[in-house]
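Have a look at the structure below before the remarks.
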Amino acid sequence: MGDFHNPEADLDRFRFRLGFASVAVLLAFGVLVTRFAWLQVIQHDFYRTRAEDNRIALIPVVPNRGVVTDRNGIVLARNYSAFTLEITPSQAGRLEDTIDALAEIVDIQPKDRKRFKRLMDEAKNFESVPIRNRLTDEEVAKFAAHRYRFPGVEVKARLFRQYPLGKVGSHAIGYIGRITERDQKWIEEAELTPNYKGTDHIGKTGLEQHYEFELHGQTGYDEVEIDSGGRALRSLKSIPPISGNNLELTLDIKLQEITEQAFGDRKGALVAIEPSTGGILALVSTPTYDPNMFVDGISPENWKELNEHPDKPMINRTINGAYPPGSTFKPFMALAALETGKRTPQQAISDPGYYNFGNHTFRDDKKGGHGSVDMYKSIVHSCDTYYYMLANDLGIDAIAKFMGSLGLGQKTGVDLGKDDSGESKGVLPSPEWKKQRFKKPEQQKWYSGETISIGIGQGYNAYTPIQLAQATATLANNGVMFRPHLVRNIVDTKSGEKRPVEPKPIRDLGLKPKNLEVIHRAMIGVNKEGTGARAFAGVPYTVGGKTGTAQVFSLKGADYKHSAVKKELRDHALFIAYAPVENPKIAVAVLVENGGFGAQSAAPIARMVLDYYLLGKLPAGAAREDAAAVEDDNEE
Amino acid sequence: MIDVIGYARRGMRALVAPIDFPLLLITLAIMAVGLATVHSATFDGNQRMGNQAINMGVALVIMWLVARLQPQKLMSLAVPLYLLGLVLLIAVFLFGIKVNGAKRWLNIGITRIQPSEIMKIAMPLMLAWYFHKYEATLRARHFIVAAILLVVPFLLIAKQPDLGTALLVGGAGFYVIFFAGLPWKIIIGLGAAGAAAAPFLWTMLHDYQRKRILTLIDPTTDPLGSGYHIIQSTIAIGSGGPFGKGYLNGTQTHLEFIPEKHTDFIFAVYSEEWGLAGNLLLVFLYTLLIGRGLMIASAAPTLFTRLLAGAVTLGFFTYAFINMGMVSGILPVVGVPLPFMSYGGTALVTLFLGIGLLMSIHSHRMLVKK
């Protein structure tokens, strides 16, 4: 610059700067080209994958859940198609406004909104999310008329689980419900996470839970091309789902229904087993509940009612209720005595009506005693003194060993619930059990006096009805033992191929036929001339049985007066039976909570079950309580 | 007999006289690519190719009209145009209409106009005129005045906010000052001062502008928000590979993953379908365009025409570099179209005004010398 101005120099300088600019432009474009080469050559594979991921979405197609039928093909759990109102969030604009506007056309409750929000969080934005389930035909028509106002909202058909018989057999069948975090963990542990994409229900209890992975089926996929808004444009590939396997049960639902009716409004449990297979014919726990309530997510009011009901309908008493077996324990005690050689059938005792051990007197129910009592009479008339003495002679270890071999005090492994975590073990009393059960050293010691009441099925004894049924079935089947089970066959939906669940017995106890003969004869005697005679009057088939009464409340020394005791303190009534004895088709264990004497309320139920199953005789309502029946009758 | 052929020939000659064919052919080539890409970007939706062809026709006519003007005429337009632009920018600042949070538009009754667009041409015209006027007595103070003439509109536009246009206007003005002989010491000094002032400037930026810069450093920090554009356009370019997915076959384009695909992000569409090979061709065409522009500047007879030609040419470079840089993820996202490619009439008209200026300068270079 300066005062001196030289046009030639100015032009040179200008041209130099043009050259400088040219170099700068080339350098800048060089940077761009380097960037392009980096993206398009070196990183090409990475970005190609990203572009593919962008455009392809896998939409899971949920398989049909397997159907559950009883032994005669009656459907117990099935799927039905119903209309749902669904929103695809990516296409629907402002969700709150959309839902508010929809609520003017169809009924949308706050709980529907809550559920929608929860489902939204789980879903991808190209998946549609239900806002309302089970639209009525009227609602479908109403929405159709307003469809144009709601982009991204549509009516879809979805499959829902249904239990057509409602309350009948609910403890066996179980139910499905929405997948929770805990279920998610279960699925992860089974390494089935991919197969549960798109599935939102899972078995929660009973067979639905135990056979979850059989029933679920194989999830299919639709590979679709999507745009940035998540709209599916076209299908590229489709892998159809494979329906879940069907379950064919050993359960006879008609028998189940009749049994439930026989209980009336009484609480209790009954397990009926086919002795030759271990197949469960009826598995009753009363009161029951309607599993259909759970499928869609149970309402808080219903849930509260079920949970807070004093009769606790949600508890499956057949596998979770542990009760002292009472006198139903006696035939097994007698068998143990014969097998160990501690008694012969003919060996008799003289019963004064009590038994003194140490400085304690153990009473028999019958004042003055039964006189001379052999093994047959001890079972038929349920003589306590005979078993007090026998228990003392056998000792606790021998009792525990024999009863354990019958499966008492152990989980049966019945096919209910997730593995066997839902089943109770009960208590098979033994010195070892006591050591584990109690903490203080003085409590851990086994007193020989404690063995005495074990002999009549009281004391620490506590078994689940299914264990008692299994033991009875094993006795009926002459010592050949099966795991009780509800599913006969798993049926492959595609090939129709049937997979039997329990074809082989778990063990043969090797019981001596002549000993078994003694017990069978005595148990027939119970129903002919003993404590079960009133309930089984005029029975046309041979039936073995044994009554039992489990003390709920101990009246020290005083007489137990049925009517004087409050209902919830009344004894539990038990009855075990099997028939026909020469070729047993059915073995049952019945428990009526607070039912009083076994002969009074449990035996009549057993009679109804056997009459229906063996003779096809339909009862006329609930079994009556036999007020005249007593635990220890004097008809003889 | 009337010499029909002679008339026609003379008429033809008059028609083509102001036109610089190398420049025309290069721009036509880029526009052909652009038109095809606009078609690809819009054929499955709102077809824009026809509109764009009309825009191009109008722009070419304007180019021809400008090319016919004498450079003296251009000089006489410099001050009024600059003042008009400045007044309108102030009006925008005071009474502008807000669209999408930015105050860029002015309602003049019949229609809305964007005065910052005028400045893209008015700025280099004005500064070139100014330096030309004081060519013989150029002193430091003239550079200071030039800087003020540059900075005031720049700030007004940046304040709207419209960082993209501000950069284009500021760039065009700076190129004039640079070619006018701004000493290197000062250029380097300014660069150093800019770097030192960066933290302060950072605080001056709007939140959304800061976010764009942050997003550039790591787009994944906000993949569904401001990072989305960069991520998706980078995927489009990268997935195009060496030779592209083929015309009309870009998945990122046709499944709507690319935002603004027929305007600011049209390069992603082109690059996905034609790959690195296509990019090299396009960069080559821009290089030819700039090369031809700089040749014209070099041959220009007066300081005014030299400065104007140089600044306009580098303006094209600014457009192309900023646009391709932002779409490929090395520059922040600012609203700069890809010259002669992006859909939009206003941008095309402005660009062809520039081409027209270059042609005017080139076709009248001999007249001045005589």
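Labeling convention for the structure tokens: chains A, B, ... as they appear, residues from 1 per chain, ligands from 1 in order of appearance.
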Give me the residues of chain A that have any atom at most 7 Å from an atom of chain B; for each, the nearest atom pair and the distance in Å, rounded to one decimal. Use only C-alpha atoms, sort by chain and number, and format it as JSON lines.
{"residue": "A:Met1", "atom": "CA", "partner": "B:Arg139", "partner_atom": "CA", "distance": 6.2}
{"residue": "A:Gly2", "atom": "CA", "partner": "B:Arg139", "partner_atom": "CA", "distance": 6.4}
{"residue": "A:Asp3", "atom": "CA", "partner": "B:Thr137", "partner_atom": "CA", "distance": 6.6}
{"residue": "A:His5", "atom": "CA", "partner": "B:Ala136", "partner_atom": "CA", "distance": 6.2}
{"residue": "A:Phe14", "atom": "CA", "partner": "B:Phe179", "partner_atom": "CA", "distance": 5.8}
{"residue": "A:Arg15", "atom": "CA", "partner": "B:Ser298", "partner_atom": "CA", "distance": 6.3}
{"residue": "A:Arg17", "atom": "CA", "partner": "B:Phe179", "partner_atom": "CA", "distance": 6.4}
{"residue": "A:Leu18", "atom": "CA", "partner": "B:Leu294", "partner_atom": "CA", "distance": 6.8}
{"residue": "A:Leu32", "atom": "CA", "partner": "B:Gly325", "partner_atom": "CA", "distance": 6.6}
{"residue": "A:Phe36", "atom": "CA", "partner": "B:Leu276", "partner_atom": "CA", "distance": 6.5}
{"residue": "A:Ala37", "atom": "CA", "partner": "B:Leu276", "partner_atom": "CA", "distance": 6.7}
{"residue": "A:Leu39", "atom": "CA", "partner": "B:Gly238", "partner_atom": "CA", "distance": 4.5}
{"residue": "A:Gln40", "atom": "CA", "partner": "B:Gly241", "partner_atom": "CA", "distance": 4.2}
{"residue": "A:Val41", "atom": "CA", "partner": "B:Gly241", "partner_atom": "CA", "distance": 5.8}
{"residue": "A:Gln43", "atom": "CA", "partner": "B:Gly238", "partner_atom": "CA", "distance": 6.6}
{"residue": "A:His44", "atom": "CA", "partner": "B:Gly238", "partner_atom": "CA", "distance": 5.2}
{"residue": "A:Tyr47", "atom": "CA", "partner": "B:Ser239", "partner_atom": "CA", "distance": 4.8}
{"residue": "A:Arg48", "atom": "CA", "partner": "B:Ser239", "partner_atom": "CA", "distance": 4.1}
{"residue": "A:Arg50", "atom": "CA", "partner": "B:Ile235", "partner_atom": "CA", "distance": 6.6}
{"residue": "A:Ala51", "atom": "CA", "partner": "B:Ile235", "partner_atom": "CA", "distance": 6.2}
{"residue": "A:Ile226", "atom": "CA", "partner": "B:Leu255", "partner_atom": "CA", "distance": 7.0}
{"residue": "A:Asp227", "atom": "CA", "partner": "B:Leu255", "partner_atom": "CA", "distance": 4.2}
{"residue": "A:Ser228", "atom": "CA", "partner": "B:Phe257", "partner_atom": "CA", "distance": 4.9}
Original post:
What's the 7 Å shell around Met375 in chain A, counting only C-alpha atoms, without same-chain residues fewer than 4 positions away, as a PyMOL selection string?
Top reply: chain A and resi 345-346+379
Subject >> All alpha helix (DSSP H) residues (DSSP, backbone) inside range 417-605 of chain A, as a ChimeraX atom specification >> reply: /A:431-437,441-444,448-454,465-476,513-529,603-605
Name all residues at most 8 Å from range 83-95 of chain B (count only C-alpha atoms; drop same-chain ones fewer than 3 positions away) and give them as a short mmCIF file (atom, residue, chain, number, x, y, z; two decimals) with C-alpha atoms, in the first residue's frame.
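The resulting out-v6.cif:
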data_model
loop_
_atom_site.label_atom_id
_atom_site.label_comp_id
_atom_site.auth_asym_id
_atom_site.auth_seq_id
_atom_site.Cartn_x
_atom_site.Cartn_y
_atom_site.Cartn_z
CA VAL B 79 -24.32 1.05 -4.06
CA PRO B 80 -28.14 1.10 -4.51
CA LYS B 103 -36.51 -14.17 11.74
CA ARG B 104 -35.49 -14.24 8.08
CA TRP B 105 -38.50 -13.09 6.16
CA LEU B 106 -40.05 -9.75 5.37
CA PRO B 115 -33.37 -9.94 2.05
CA SER B 116 -30.25 -11.87 3.05
CA ILE B 118 -29.83 -10.04 -2.03
CA MET B 119 -26.69 -9.58 0.05
CA ALA B 122 -24.77 -7.07 -3.30
CA PRO B 153 -24.85 -7.18 7.21
CA LEU B 156 -27.60 -8.81 10.96
CA ILE B 157 -27.92 -12.13 9.08
CA GLN B 160 -31.66 -13.85 12.46
#
Original post:
Any idea what's packed within 10 Å of Val140 in chain A, counting only C-alpha atoms, ignoring anything in its chain fewer than 4 positions away? Could you give it as an MDAnalysis selection string?
Top reply: chainID A and resid 83:85 105:106 134:136 144:145 154:156
Using only N, CA and C atoms, please write the residues we just selected to a file, as a PDB file, in the first residue's frame.
ATOM      1  N   PHE A  83     -61.235 -59.118  18.695  1.00  0.00           N
ATOM      2  CA  PHE A  83     -60.759 -57.873  18.114  1.00  0.00           C
ATOM      3  C   PHE A  83     -60.137 -56.988  19.184  1.00  0.00           C
ATOM      4  N   THR A  84     -58.995 -56.407  18.818  1.00  0.00           N
ATOM      5  CA  THR A  84     -58.363 -55.431  19.694  1.00  0.00           C
ATOM      6  C   THR A  84     -58.223 -54.130  18.911  1.00  0.00           C
ATOM      7  N   LEU A  85     -58.174 -53.051  19.644  1.00  0.00           N
ATOM      8  CA  LEU A  85     -57.946 -51.749  19.033  1.00  0.00           C
ATOM      9  C   LEU A  85     -56.477 -51.421  19.279  1.00  0.00           C
ATOM     10  N   ILE A 105     -65.315 -42.787  21.413  1.00  0.00           N
ATOM     11  CA  ILE A 105     -65.987 -43.757  20.540  1.00  0.00           C
ATOM     12  C   ILE A 105     -66.111 -45.123  21.206  1.00  0.00           C
ATOM     13  N   VAL A 106     -64.992 -45.568  21.792  1.00  0.00           N
ATOM     14  CA  VAL A 106     -65.053 -46.848  22.496  1.00  0.00           C
ATOM     15  C   VAL A 106     -64.689 -46.605  23.956  1.00  0.00           C
ATOM     16  N   ARG A 134     -60.683 -57.146  23.296  1.00  0.00           N
ATOM     17  CA  ARG A 134     -62.041 -57.686  23.230  1.00  0.00           C
ATOM     18  C   ARG A 134     -63.101 -56.626  22.955  1.00  0.00           C
ATOM     19  N   LEU A 135     -62.997 -56.028  21.803  1.00  0.00           N
ATOM     20  CA  LEU A 135     -64.010 -55.056  21.416  1.00  0.00           C
ATOM     21  C   LEU A 135     -65.314 -55.792  21.140  1.00  0.00           C
ATOM     22  N   THR A 136     -66.404 -55.161  21.469  1.00  0.00           N
ATOM     23  CA  THR A 136     -67.688 -55.736  21.086  1.00  0.00           C
ATOM     24  C   THR A 136     -67.927 -55.442  19.603  1.00  0.00           C
ATOM     25  N   ALA A 144     -65.088 -48.321  12.979  1.00  0.00           N
ATOM     26  CA  ALA A 144     -64.956 -48.388  11.517  1.00  0.00           C
ATOM     27  C   ALA A 144     -65.515 -47.111  10.882  1.00  0.00           C
ATOM     28  N   ALA A 145     -66.603 -46.601  11.439  1.00  0.00           N
ATOM     29  CA  ALA A 145     -67.220 -45.394  10.884  1.00  0.00           C
ATOM     30  C   ALA A 145     -66.328 -44.169  11.082  1.00  0.00           C
ATOM     31  N   GLU A 154     -55.869 -49.111  14.322  1.00  0.00           N
ATOM     32  CA  GLU A 154     -56.590 -50.115  13.563  1.00  0.00           C
ATOM     33  C   GLU A 154     -57.167 -51.187  14.477  1.00  0.00           C
ATOM     34  N   VAL A 155     -58.150 -51.886  13.938  1.00  0.00           N
ATOM     35  CA  VAL A 155     -58.734 -53.017  14.641  1.00  0.00           C
ATOM     36  C   VAL A 155     -58.005 -54.266  14.167  1.00  0.00           C
ATOM     37  N   LYS A 156     -57.513 -55.057  15.113  1.00  0.00           N
ATOM     38  CA  LYS A 156     -56.780 -56.267  14.747  1.00  0.00           C
ATOM     39  C   LYS A 156     -57.397 -57.463  15.451  1.00  0.00           C
TER      40      LYS A 156
END
Original post:
So which residues of range 85-303 of chain B fall under strand (DSSP E or B) by DSSP, listed as a PyMOL selection string?
Top reply: chain B and resi 97-99+102-107+112-113
Original post:
Excluding same-chain residues fewer than 5 positions from range 526-529 of chain A, what lies within 10 Å of it counting only C-alpha atoms, as a ChimeraX atom specification?
Top reply: /A:376-382,520-521,534-539,542-547,577,599,603,633,635-636
Need the shell around Arg343 in chain A: protein/DNA/RNA residues with any atom at most 9 Å away, counting only C-alpha atoms. Skip same-chain ones fewer than 3 positions apart. Format as a PDB file with C-alpha atoms, in the first residue's frame?
ATOM      1  CA  ALA A 334     -49.571-102.165  59.739  1.00  0.00           C
ATOM      2  CA  ALA A 337     -45.056-104.018  60.882  1.00  0.00           C
ATOM      3  CA  LEU A 338     -45.633-107.008  58.591  1.00  0.00           C
ATOM      4  CA  GLU A 339     -42.741-106.178  56.275  1.00  0.00           C
ATOM      5  CA  THR A 340     -40.331-105.748  59.197  1.00  0.00           C
ATOM      6  CA  GLN A 346     -52.930-112.804  64.174  1.00  0.00           C
ATOM      7  CA  GLN A 347     -50.982-111.291  67.042  1.00  0.00           C
ATOM      8  CA  MET A 375     -54.294-106.407  62.942  1.00  0.00           C
ATOM      9  CA  LEU A 390     -46.699-100.727  67.402  1.00  0.00           C
TER      10      LEU A 390
END
